[in-house]
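Participant: What follows is the file protein20.pdb, containing PDB, C-alpha atoms, pLDDT in the B column:
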MODEL        1
ATOM      1  CA  ASN A   1     179.964  93.916 386.467  1.00 76.00           C
ATOM      2  CA  ALA A   2     179.298  91.565 383.582  1.00 81.00           C
ATOM      3  CA  GLY A   3     175.602  92.454 383.765  1.00 93.00           C
ATOM      4  CA  VAL A   4     173.292  89.824 382.256  1.00 96.00           C
ATOM      5  CA  THR A   5     175.040  87.009 380.406  1.00 96.00           C
ATOM      6  CA  GLN A   6     173.473  84.344 378.216  1.00 97.00           C
ATOM      7  CA  THR A   7     174.862  81.162 376.749  1.00 97.00           C
ATOM      8  CA  PRO A   8     174.974  79.921 374.085  1.00 97.00           C
ATOM      9  CA  LYS A   9     174.776  82.793 371.569  1.00 96.00           C
ATOM     10  CA  PHE A  10     173.555  80.489 368.801  1.00 97.00           C
ATOM     11  CA  GLN A  11     172.042  77.014 368.845  1.00 97.00           C
ATOM     12  CA  VAL A  12     170.558  74.650 366.276  1.00 97.00           C
ATOM     13  CA  LEU A  13     168.346  71.827 367.526  1.00 97.00           C
ATOM     14  CA  LYS A  14     166.453  69.042 365.866  1.00 97.00           C
ATOM     15  CA  THR A  15     162.746  68.637 366.581  1.00 98.00           C
ATOM     16  CA  GLY A  16     162.238  66.724 369.809  1.00 97.00           C
ATOM     17  CA  GLN A  17     165.602  67.534 371.352  1.00 97.00           C
ATOM     18  CA  SER A  18     165.804  69.235 374.701  1.00 96.00           C
ATOM     19  CA  MET A  19     168.207  71.868 375.887  1.00 96.00           C
ATOM     20  CA  THR A  20     168.780  74.534 378.518  1.00 98.00           C
ATOM     21  CA  LEU A  21     169.461  78.190 377.801  1.00 98.00           C
ATOM     22  CA  GLN A  22     171.616  79.667 380.515  1.00 98.00           C
ATOM     23  CA  CYS A  23     171.189  83.100 382.048  1.00 98.00           C
ATOM     24  CA  ALA A  24     173.192  84.677 384.834  1.00 97.00           C
ATOM     25  CA  GLN A  25     173.402  88.122 386.387  1.00 97.00           C
ATOM     26  CA  ASP A  26     175.858  89.586 388.860  1.00 95.00           C
ATOM     27  CA  MET A  27     173.840  92.636 389.931  1.00 94.00           C
ATOM     28  CA  ASN A  28     171.998  90.904 392.795  1.00 93.00           C
ATOM     29  CA  HIS A  29     168.652  91.625 391.146  1.00 93.00           C
ATOM     30  CA  GLU A  30     165.692  89.772 392.558  1.00 92.00           C
ATOM     31  CA  TYR A  31     163.545  89.874 389.431  1.00 92.00           C
ATOM     32  CA  MET A  32     164.517  87.892 386.332  1.00 95.00           C
ATOM     33  CA  SER A  33     162.573  87.032 383.222  1.00 95.00           C
ATOM     34  CA  TRP A  34     162.716  85.310 379.843  1.00 97.00           C
ATOM     35  CA  TYR A  35     161.323  86.689 376.585  1.00 96.00           C
ATOM     36  CA  ARG A  36     161.197  85.523 373.030  1.00 97.00           C
ATOM     37  CA  GLN A  37     161.309  87.928 370.122  1.00 95.00           C
ATOM     38  CA  ASP A  38     159.778  87.045 366.786  1.00 93.00           C
ATOM     39  CA  PRO A  39     159.310  89.193 363.683  1.00 87.00           C
ATOM     40  CA  GLY A  40     155.911  90.873 363.744  1.00 82.00           C
ATOM     41  CA  MET A  41     155.161  89.555 367.267  1.00 83.00           C
ATOM     42  CA  GLY A  42     157.434  91.755 369.310  1.00 86.00           C
ATOM     43  CA  LEU A  43     158.745  90.681 372.699  1.00 91.00           C
ATOM     44  CA  ARG A  44     156.657  88.141 374.588  1.00 92.00           C
ATOM     45  CA  LEU A  45     157.175  87.106 378.190  1.00 93.00           C
ATOM     46  CA  ILE A  46     157.734  83.378 378.717  1.00 96.00           C
ATOM     47  CA  HIS A  47     158.407  83.016 382.450  1.00 96.00           C
ATOM     48  CA  TYR A  48     159.554  85.269 385.243  1.00 94.00           C
ATOM     49  CA  SER A  49     160.816  85.053 388.794  1.00 94.00           C
ATOM     50  CA  VAL A  50     160.577  87.573 391.620  1.00 90.00           C
ATOM     51  CA  GLY A  51     163.190  85.792 393.723  1.00 92.00           C
ATOM     52  CA  ALA A  52     164.962  82.515 394.372  1.00 93.00           C
ATOM     53  CA  GLY A  53     162.455  79.685 394.594  1.00 94.00           C
ATOM     54  CA  ILE A  54     159.615  81.710 393.046  1.00 94.00           C
ATOM     55  CA  THR A  55     158.627  81.486 389.390  1.00 95.00           C
ATOM     56  CA  ASP A  56     155.505  82.307 387.426  1.00 93.00           C
ATOM     57  CA  GLN A  57     154.206  82.008 383.895  1.00 93.00           C
ATOM     58  CA  GLY A  58     154.157  84.791 381.388  1.00 91.00           C
ATOM     59  CA  GLU A  59     152.276  85.140 378.151  1.00 89.00           C
ATOM     60  CA  VAL A  60     153.710  82.126 376.249  1.00 94.00           C
ATOM     61  CA  PRO A  61     154.911  79.493 378.773  1.00 96.00           C
ATOM     62  CA  ASN A  62     153.965  76.289 376.938  1.00 96.00           C
ATOM     63  CA  GLY A  63     156.939  74.103 376.043  1.00 96.00           C
ATOM     64  CA  TYR A  64     159.287  75.829 378.484  1.00 98.00           C
ATOM     65  CA  ASN A  65     160.300  75.187 382.082  1.00 97.00           C
ATOM     66  CA  VAL A  66     162.206  77.373 384.513  1.00 97.00           C
ATOM     67  CA  SER A  67     163.559  77.127 388.020  1.00 96.00           C
ATOM     68  CA  ARG A  68     165.349  79.628 390.239  1.00 97.00           C
ATOM     69  CA  SER A  69     167.579  78.040 392.842  1.00 96.00           C
ATOM     70  CA  THR A  70     169.890  81.050 393.248  1.00 96.00           C
ATOM     71  CA  THR A  71     169.538  84.812 392.841  1.00 96.00           C
ATOM     72  CA  GLU A  72     172.166  84.794 390.074  1.00 96.00           C
ATOM     73  CA  ASP A  73     170.886  82.107 387.706  1.00 97.00           C
ATOM     74  CA  PHE A  74     167.640  81.614 385.815  1.00 98.00           C
ATOM     75  CA  PRO A  75     167.903  78.821 383.209  1.00 98.00           C
ATOM     76  CA  LEU A  76     165.219  78.200 380.599  1.00 98.00           C
ATOM     77  CA  ARG A  77     164.595  74.600 379.574  1.00 98.00           C
ATOM     78  CA  LEU A  78     163.052  73.540 376.298  1.00 97.00           C
ATOM     79  CA  LEU A  79     161.490  70.170 376.968  1.00 92.00           C
ATOM     80  CA  SER A  80     160.967  68.904 373.411  1.00 96.00           C
ATOM     81  CA  ALA A  81     161.974  71.449 370.806  1.00 97.00           C
ATOM     82  CA  ALA A  82     159.533  72.316 368.020  1.00 97.00           C
ATOM     83  CA  PRO A  83     160.056  74.473 364.906  1.00 97.00           C
ATOM     84  CA  SER A  84     157.633  77.008 366.420  1.00 96.00           C
ATOM     85  CA  GLN A  85     160.258  77.646 369.094  1.00 97.00           C
ATOM     86  CA  THR A  86     162.688  79.041 366.547  1.00 97.00           C
ATOM     87  CA  SER A  87     163.263  82.528 367.889  1.00 97.00           C
ATOM     88  CA  VAL A  88     165.635  84.881 369.637  1.00 97.00           C
ATOM     89  CA  TYR A  89     165.515  84.451 373.400  1.00 98.00           C
ATOM     90  CA  PHE A  90     166.356  87.249 375.797  1.00 97.00           C
ATOM     91  CA  CYS A  91     166.947  86.998 379.501  1.00 97.00           C
ATOM     92  CA  ALA A  92     166.510  90.095 381.645  1.00 96.00           C
ATOM     93  CA  SER A  93     167.052  91.076 385.238  1.00 95.00           C
ATOM     94  CA  SER A  94     165.426  93.959 387.050  1.00 91.00           C
ATOM     95  CA  TYR A  95     165.820  95.939 390.218  1.00 87.00           C
ATOM     96  CA  SER A  96     163.091  97.623 392.146  1.00 83.00           C
ATOM     97  CA  ILE A  97     162.725 101.379 391.705  1.00 81.00           C
ATOM     98  CA  GLY A  98     159.725 103.328 392.874  1.00 77.00           C
ATOM     99  CA  ASN A  99     156.739 101.023 392.674  1.00 75.00           C
ATOM    100  CA  GLY A 100     158.089  99.161 389.658  1.00 79.00           C
ATOM    101  CA  TYR A 101     161.365  97.955 388.225  1.00 84.00           C
ATOM    102  CA  GLU A 102     164.122  98.938 385.816  1.00 88.00           C
ATOM    103  CA  GLN A 103     165.053  96.128 383.456  1.00 92.00           C
ATOM    104  CA  TYR A 104     168.367  95.121 381.881  1.00 94.00           C
ATOM    105  CA  PHE A 105     168.655  92.640 379.039  1.00 95.00           C
ATOM    106  CA  GLY A 106     171.207  90.057 378.060  1.00 96.00           C
ATOM    107  CA  PRO A 107     172.604  89.806 374.511  1.00 95.00           C
ATOM    108  CA  GLY A 108     170.234  87.038 373.450  1.00 96.00           C
ATOM    109  CA  THR A 109     170.367  83.442 372.203  1.00 97.00           C
ATOM    110  CA  ARG A 110     169.383  82.782 368.603  1.00 97.00           C
ATOM    111  CA  LEU A 111     167.733  79.342 368.438  1.00 98.00           C
ATOM    112  CA  THR A 112     166.819  77.457 365.294  1.00 97.00           C
ATOM    113  CA  VAL A 113     164.797  74.246 365.466  1.00 97.00           C
ATOM    114  CA  THR A 114     164.819  72.125 362.323  1.00 97.00           C
TER
ATOM    115  CA  LYS B   1     144.607  94.190 379.309  1.00 79.00           C
ATOM    116  CA  GLN B   2     147.316  96.791 378.857  1.00 82.00           C
ATOM    117  CA  GLU B   3     148.211  97.494 375.233  1.00 89.00           C
ATOM    118  CA  VAL B   4     151.212  99.551 374.190  1.00 93.00           C
ATOM    119  CA  THR B   5     151.360 101.066 370.712  1.00 96.00           C
ATOM    120  CA  GLN B   6     154.178 102.800 368.894  1.00 97.00           C
ATOM    121  CA  ILE B   7     153.369 104.730 365.747  1.00 95.00           C
ATOM    122  CA  PRO B   8     154.924 104.989 363.219  1.00 94.00           C
ATOM    123  CA  ALA B   9     156.531 101.579 362.881  1.00 95.00           C
ATOM    124  CA  ALA B  10     159.374 103.094 360.855  1.00 96.00           C
ATOM    125  CA  LEU B  11     160.814 106.562 360.433  1.00 95.00           C
ATOM    126  CA  SER B  12     163.530 108.032 358.214  1.00 96.00           C
ATOM    127  CA  VAL B  13     165.054 111.459 358.848  1.00 96.00           C
ATOM    128  CA  PRO B  14     168.079 113.406 357.601  1.00 97.00           C
ATOM    129  CA  GLU B  15     171.009 113.803 359.947  1.00 97.00           C
ATOM    130  CA  GLY B  16     170.643 116.769 362.288  1.00 97.00           C
ATOM    131  CA  GLU B  17     166.864 116.659 362.468  1.00 97.00           C
ATOM    132  CA  ASN B  18     165.225 116.141 365.858  1.00 97.00           C
ATOM    133  CA  LEU B  19     163.531 112.774 366.349  1.00 97.00           C
ATOM    134  CA  VAL B  20     160.137 112.453 368.024  1.00 97.00           C
ATOM    135  CA  LEU B  21     159.042 108.921 368.910  1.00 98.00           C
ATOM    136  CA  ASN B  22     155.600 108.201 370.294  1.00 97.00           C
ATOM    137  CA  CYS B  23     154.337 105.574 372.705  1.00 97.00           C
ATOM    138  CA  SER B  24     150.750 105.195 373.860  1.00 97.00           C
ATOM    139  CA  PHE B  25     149.259 102.822 376.435  1.00 94.00           C
ATOM    140  CA  THR B  26     145.667 101.985 377.251  1.00 92.00           C
ATOM    141  CA  ASP B  27     145.756 101.662 381.053  1.00 86.00           C
ATOM    142  CA  SER B  28     147.095 104.678 382.938  1.00 85.00           C
ATOM    143  CA  ALA B  29     147.664 102.627 386.125  1.00 85.00           C
ATOM    144  CA  ILE B  30     151.315 101.989 385.387  1.00 86.00           C
ATOM    145  CA  TYR B  31     154.304 101.841 387.688  1.00 86.00           C
ATOM    146  CA  ASN B  32     157.163 102.892 385.438  1.00 90.00           C
ATOM    147  CA  LEU B  33     157.774 103.421 381.743  1.00 94.00           C
ATOM    148  CA  GLN B  34     161.068 102.482 380.155  1.00 95.00           C
ATOM    149  CA  TRP B  35     162.560 103.312 376.749  1.00 97.00           C
ATOM    150  CA  PHE B  36     164.982 100.877 375.091  1.00 97.00           C
ATOM    151  CA  ARG B  37     167.169 100.876 372.016  1.00 97.00           C
ATOM    152  CA  GLN B  38     167.828  97.714 369.985  1.00 96.00           C
ATOM    153  CA  ASP B  39     170.453  97.484 367.275  1.00 95.00           C
ATOM    154  CA  PRO B  40     170.040  94.753 364.625  1.00 91.00           C
ATOM    155  CA  GLY B  41     170.978  91.345 365.984  1.00 88.00           C
ATOM    156  CA  LYS B  42     171.619  92.719 369.460  1.00 91.00           C
ATOM    157  CA  GLY B  43     169.924  92.870 372.828  1.00 92.00           C
ATOM    158  CA  LEU B  44     167.975  95.772 374.271  1.00 95.00           C
ATOM    159  CA  THR B  45     169.769  98.672 375.896  1.00 95.00           C
ATOM    160  CA  SER B  46     167.935 100.723 378.493  1.00 94.00           C
ATOM    161  CA  LEU B  47     167.833 104.432 377.587  1.00 97.00           C
ATOM    162  CA  LEU B  48     165.562 106.088 380.121  1.00 96.00           C
ATOM    163  CA  LEU B  49     163.226 105.106 382.912  1.00 94.00           C
ATOM    164  CA  ILE B  50     160.385 107.385 383.997  1.00 94.00           C
ATOM    165  CA  GLN B  51     158.706 106.584 387.279  1.00 91.00           C
ATOM    166  CA  SER B  52     154.939 107.017 387.439  1.00 88.00           C
ATOM    167  CA  SER B  53     155.333 110.067 389.685  1.00 89.00           C
ATOM    168  CA  GLN B  54     157.630 111.835 387.191  1.00 92.00           C
ATOM    169  CA  ARG B  55     156.796 113.884 384.096  1.00 95.00           C
ATOM    170  CA  GLU B  56     160.103 113.586 382.261  1.00 95.00           C
ATOM    171  CA  GLN B  57     163.645 112.288 382.283  1.00 95.00           C
ATOM    172  CA  THR B  58     166.705 113.526 380.414  1.00 96.00           C
ATOM    173  CA  SER B  59     170.009 111.956 379.456  1.00 95.00           C
ATOM    174  CA  GLY B  60     172.291 113.835 377.090  1.00 96.00           C
ATOM    175  CA  ARG B  61     170.454 114.362 373.792  1.00 97.00           C
ATOM    176  CA  LEU B  62     167.551 112.214 374.968  1.00 97.00           C
ATOM    177  CA  ASN B  63     164.449 113.483 376.718  1.00 98.00           C
ATOM    178  CA  ALA B  64     161.416 111.384 377.557  1.00 97.00           C
ATOM    179  CA  SER B  65     158.101 112.736 378.778  1.00 97.00           C
ATOM    180  CA  LEU B  66     155.215 110.922 380.423  1.00 96.00           C
ATOM    181  CA  ASP B  67     151.554 111.933 380.536  1.00 95.00           C
ATOM    182  CA  LYS B  68     149.722 109.185 382.398  1.00 91.00           C
ATOM    183  CA  SER B  69     146.303 110.794 382.116  1.00 91.00           C
ATOM    184  CA  SER B  70     146.413 110.686 378.333  1.00 94.00           C
ATOM    185  CA  GLY B  71     148.350 107.407 378.197  1.00 94.00           C
ATOM    186  CA  ARG B  72     151.297 108.827 376.282  1.00 96.00           C
ATOM    187  CA  SER B  73     155.055 109.015 376.385  1.00 97.00           C
ATOM    188  CA  THR B  74     157.320 110.751 373.904  1.00 98.00           C
ATOM    189  CA  LEU B  75     161.033 110.218 373.361  1.00 98.00           C
ATOM    190  CA  TYR B  76     162.874 113.182 371.861  1.00 97.00           C
ATOM    191  CA  ILE B  77     166.336 112.764 370.378  1.00 97.00           C
ATOM    192  CA  ALA B  78     167.966 116.081 369.583  1.00 97.00           C
ATOM    193  CA  ALA B  79     170.187 116.635 366.565  1.00 97.00           C
ATOM    194  CA  SER B  80     170.003 113.076 365.263  1.00 97.00           C
ATOM    195  CA  GLN B  81     173.120 111.269 364.027  1.00 97.00           C
ATOM    196  CA  PRO B  82     173.524 108.186 361.817  1.00 97.00           C
ATOM    197  CA  GLY B  83     174.568 106.292 364.964  1.00 97.00           C
ATOM    198  CA  ASP B  84     171.043 106.834 366.316  1.00 97.00           C
ATOM    199  CA  SER B  85     169.715 104.445 363.671  1.00 98.00           C
ATOM    200  CA  ALA B  86     168.116 101.569 365.584  1.00 97.00           C
ATOM    201  CA  THR B  87     164.761 100.292 366.781  1.00 97.00           C
ATOM    202  CA  TYR B  88     163.344 102.093 369.801  1.00 98.00           C
ATOM    203  CA  LEU B  89     160.910 100.301 372.092  1.00 97.00           C
ATOM    204  CA  CYS B  90     158.861 101.566 374.977  1.00 97.00           C
ATOM    205  CA  ALA B  91     157.567  99.342 377.746  1.00 95.00           C
ATOM    206  CA  VAL B  92     155.364  99.850 380.791  1.00 92.00           C
ATOM    207  CA  TRP B  93     155.278  98.088 384.128  1.00 86.00           C
ATOM    208  CA  VAL B  94     151.643  97.204 384.686  1.00 78.00           C
ATOM    209  CA  LYS B  95     150.031  97.257 388.104  1.00 68.00           C
ATOM    210  CA  ALA B  96     147.003  95.168 387.178  1.00 62.00           C
ATOM    211  CA  ALA B  97     149.016  92.322 385.621  1.00 62.00           C
ATOM    212  CA  GLY B  98     151.397  91.808 388.530  1.00 64.00           C
ATOM    213  CA  ASN B  99     154.979  92.837 388.008  1.00 68.00           C
ATOM    214  CA  LYS B 100     155.186  92.383 384.252  1.00 79.00           C
ATOM    215  CA  LEU B 101     156.596  94.568 381.511  1.00 87.00           C
ATOM    216  CA  THR B 102     154.410  95.150 378.444  1.00 89.00           C
ATOM    217  CA  PHE B 103     156.226  96.202 375.266  1.00 92.00           C
ATOM    218  CA  GLY B 104     155.214  98.253 372.291  1.00 94.00           C
ATOM    219  CA  GLY B 105     156.072  96.995 368.818  1.00 93.00           C
ATOM    220  CA  GLY B 106     158.892  99.507 368.375  1.00 96.00           C
ATOM    221  CA  THR B 107     159.771 102.243 365.909  1.00 97.00           C
ATOM    222  CA  ARG B 108     162.594 101.520 363.472  1.00 97.00           C
ATOM    223  CA  VAL B 109     164.606 104.696 362.904  1.00 98.00           C
ATOM    224  CA  LEU B 110     166.976 105.436 360.035  1.00 98.00           C
ATOM    225  CA  VAL B 111     169.054 108.606 360.173  1.00 97.00           C
ATOM    226  CA  LYS B 112     170.475 109.398 356.744  1.00 97.00           C
ATOM    227  CA  PRO B 113     173.864 111.124 356.523  1.00 95.00           C
TER
ENDMDL
END
The structure in this file should be written as structure tokens.
Facilitator:
Amino acid sequence: NAGVTQTPKFQVLKTGQSMTLQCAQDMNHEYMSWYRQDPGMGLRLIHYSVGAGITDQGEVPNGYNVSRSTTEDFPLRLLSAAPSQTSVYFCASSYSIGNGYEQYFGPGTRLTVT
Amino acid sequence: KQEVTQIPAALSVPEGENLVLNCSFTDSAIYNLQWFRQDPGKGLTSLLLIQSSQREQTSGRLNASLDKSSGRSTLYIAASQPGDSATYLCAVWVKAAGNKLTFGGGTRVLVKP
């Protein structure tokens, strides 16, 4: 199993550009999510999905779009990049255990917006 | 709203000493609690998961306990090694907020040779 994979590893964008961060998992997990990690702010949930065709907003969804057409893929789209979106982005997938989930993270994408 | 706190934010110990990392949460109605390790510039690696019905979990030198009534979890790392230097984060799955994981701020650990 490759686990959770993310591409690209690094990206530099100019303000106003759009792009898609890719995330894929091969563990057949229903639950997937996107976080951003910023110094002093910890990990914050952007969007999540409990299955194909179902997405919901997290704590900081503004400026980001997601869709989930397959179980394996959960791309994150930046509509019009802003310097405030400079961050490290982590994708995660989770499987159900007990009444909750166990979560696995990808290696991250480091994004800089100039 | 569930809040997860990890104190201290940073910790330095000599090699061989046992590590005790604390995690507290405000709402005891949690599903599971998960401990992660993050090395600089890397993603998060899952260490241990404790289900809400469990009191502890063990893996090698790691032992995590859970006391829901007091809103606390503790991660013990026995006989620390320089390779244990990393940031350790705890996170809880929150019933009230739908299926979402709430993270603590982490404890940065340095084990000195």
Participant: Would you kindly report the residues of chain A within 6 Å of chain B, using all atoms listed in the file, as a list of chain:residue names?
Facilitator: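 That gives the following set of residues: A:Gly42, A:Asn99, A:Gly100, A:Phe105, A:Pro107, A:Gly108.
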Participant: One decimal, in Å: what's the spacing between atom CA of Thr87 of chain B and atom CA of Gln6 of chain B?
Facilitator: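 Interatomic distance, atom CA of Thr87 of chain B to atom CA of Gln6 of chain B: 11.1 Å.
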Participant: Around (171.3, 90.5, 390.3) in the file's own coordinates, what residues are found within 8 Å if you use only C-alpha atoms, given back as a list in words?
Facilitator: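 I get Gln25, Asp26, Met27, Asn28, His29, Glu30, Tyr31, Thr71, Glu72, Ser93, Ser94 and Tyr95 of chain A for the residues within 8 Å of that point.
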Participant: Distance atom CA of Leu11 of chain B-atom CA of Lys68 of chain B, one decimal place?
Facilitator: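 Distance reported for this atom pair: 24.7 Å.
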Participant: I'd like the interatomic distance between atom CA of Gly40 of chain A and atom CA of Ser87 of chain A, to a tenth of an Å.
Facilitator: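 We find that atom CA of Gly40 of chain A and atom CA of Ser87 of chain A lie 11.9 Å from each other.
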Participant: Taking all atoms listed in the file into account, which of A:Ser49, A:Asn65, A:Thr55, A:Thr112 comes nearest Val88 of chain A?
Facilitator: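 Smallest distance to Val88 of chain A is found for A:Thr112.
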Participant: Taking the file as shown, find all residues satisfying the PyMOL selection byres ((chain B and resi 109) around 10) and write them as a JSON list (two decimals) with C-alpha atoms, keeping the file's coordinate frame.
Facilitator:
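Final output, part21.json:
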[["chain", "number", "residue", "atom", "x", "y", "z"],
["B", 8, "PRO", "CA", 154.92, 104.99, 363.22],
["B", 9, "ALA", "CA", 156.53, 101.58, 362.88],
["B", 10, "ALA", "CA", 159.37, 103.09, 360.86],
["B", 11, "LEU", "CA", 160.81, 106.56, 360.43],
["B", 12, "SER", "CA", 163.53, 108.03, 358.21],
["B", 13, "VAL", "CA", 165.05, 111.46, 358.85],
["B", 19, "LEU", "CA", 163.53, 112.77, 366.35],
["B", 21, "LEU", "CA", 159.04, 108.92, 368.91],
["B", 82, "PRO", "CA", 173.52, 108.19, 361.82],
["B", 84, "ASP", "CA", 171.04, 106.83, 366.32],
["B", 85, "SER", "CA", 169.72, 104.44, 363.67],
["B", 86, "ALA", "CA", 168.12, 101.57, 365.58],
["B", 87, "THR", "CA", 164.76, 100.29, 366.78],
["B", 88, "TYR", "CA", 163.34, 102.09, 369.80],
["B", 106, "GLY", "CA", 158.89, 99.51, 368.38],
["B", 107, "THR", "CA", 159.77, 102.24, 365.91],
["B", 108, "ARG", "CA", 162.59, 101.52, 363.47],
["B", 110, "LEU", "CA", 166.98, 105.44, 360.04],
["B", 111, "VAL", "CA", 169.05, 108.61, 360.17],
["B", 112, "LYS", "CA", 170.48, 109.40, 356.74]]
Participant: Given only C-alpha atoms as the basis, pick out the residue of A:Ser67, A:Met19, A:Gly53, A:Tyr104 nearest to Ala92 of chain A.
Facilitator: A:Tyr104
Participant: Hey, which of B:Cys90, B:Ala79, B:Gln2, B:Asn63 ends up closest to Pro14 of chain B? Count all atoms listed in the file.
Facilitator: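 Under the stated criterion, the closest residue is B:Ala79.
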Participant: Which residues fall under the PyMOL selection byres ((chain A and resi 24) around 8) in this file, as a ChimeraX atom specification?
Facilitator: /A:4-6,22-23,25-26,72-74
Participant: Would you pick out the contacts of Gln17 of chain A at 9 Å or less, using only C-alpha atoms, so that residues sharing its chain but fewer than 6 positions from it are not included, and give the list as a PDB file with C-alpha atoms, keeping the file's coordinate frame?
Facilitator:
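To be explicit, this is the file written out as around.pdb:
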ATOM      1  CA  LEU A  78     163.052  73.540 376.298  1.00 97.00           C
ATOM      2  CA  LEU A  79     161.490  70.170 376.968  1.00 92.00           C
ATOM      3  CA  SER A  80     160.967  68.904 373.411  1.00 96.00           C
ATOM      4  CA  ALA A  81     161.974  71.449 370.806  1.00 97.00           C
ATOM      5  CA  ALA A  82     159.533  72.316 368.020  1.00 97.00           C
ATOM      6  CA  VAL A 113     164.797  74.246 365.466  1.00 97.00           C
TER       7      VAL A 113
END
Participant: Give as a ChimeraX atom specification each residue that has an atom at most 7 Å from (154.1, 86.8, 381.4) in the file, counting all atoms listed in the file.
Facilitator: /A:45-48,57-60 /B:100
Participant: Point out the residue among A:Asn1, A:Thr114, A:Thr70, A:Asn62 with the least atom-to-atom distance to Met32 of chain A, counting all atoms listed in the file.
Facilitator: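 Answer, going by the shortest atom-to-atom distance: A:Thr70.
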Participant: Smallest atom-to-atom distance to Ser33 of chain A: which of A:Pro61, A:Gly16, A:Gly98, A:Pro83, using all atoms listed in the file?
Facilitator: A:Pro61
Participant: To test your reading of the syntax: which residues would the PyMOL selection byres ((chain B and resi 56) around 6) return for the file shown? Reply as JSON, numbers by chain.
Facilitator: {"B": [54, 55, 57, 64, 65, 66]}
Participant: Output C-alpha atoms of each residue in that selection to a file, as a compact mmCIF listing (two decimals), keeping the file's coordinate frame.
Facilitator:
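Generated output (result.txt):
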# COMPACT_ATOMS: atom_id res chain seq x y z
CA GLN B 54 157.63 111.84 387.19
CA ARG B 55 156.80 113.88 384.10
CA GLN B 57 163.65 112.29 382.28
CA ALA B 64 161.42 111.38 377.56
CA SER B 65 158.10 112.74 378.78
CA LEU B 66 155.22 110.92 380.42
Participant: Once you add 6 Å to each side, what are the centre and edge lengths of the axis-aligned box holding all listed atoms of segment 41-51 of chain A? One decimal in Å, as lines of an AutoDock Vina configuration file, if you can.
Facilitator:
center_x = 159.2
center_y = 87.4
center_z = 380.5
size_x = 20.0
size_y = 20.7
size_z = 38.5
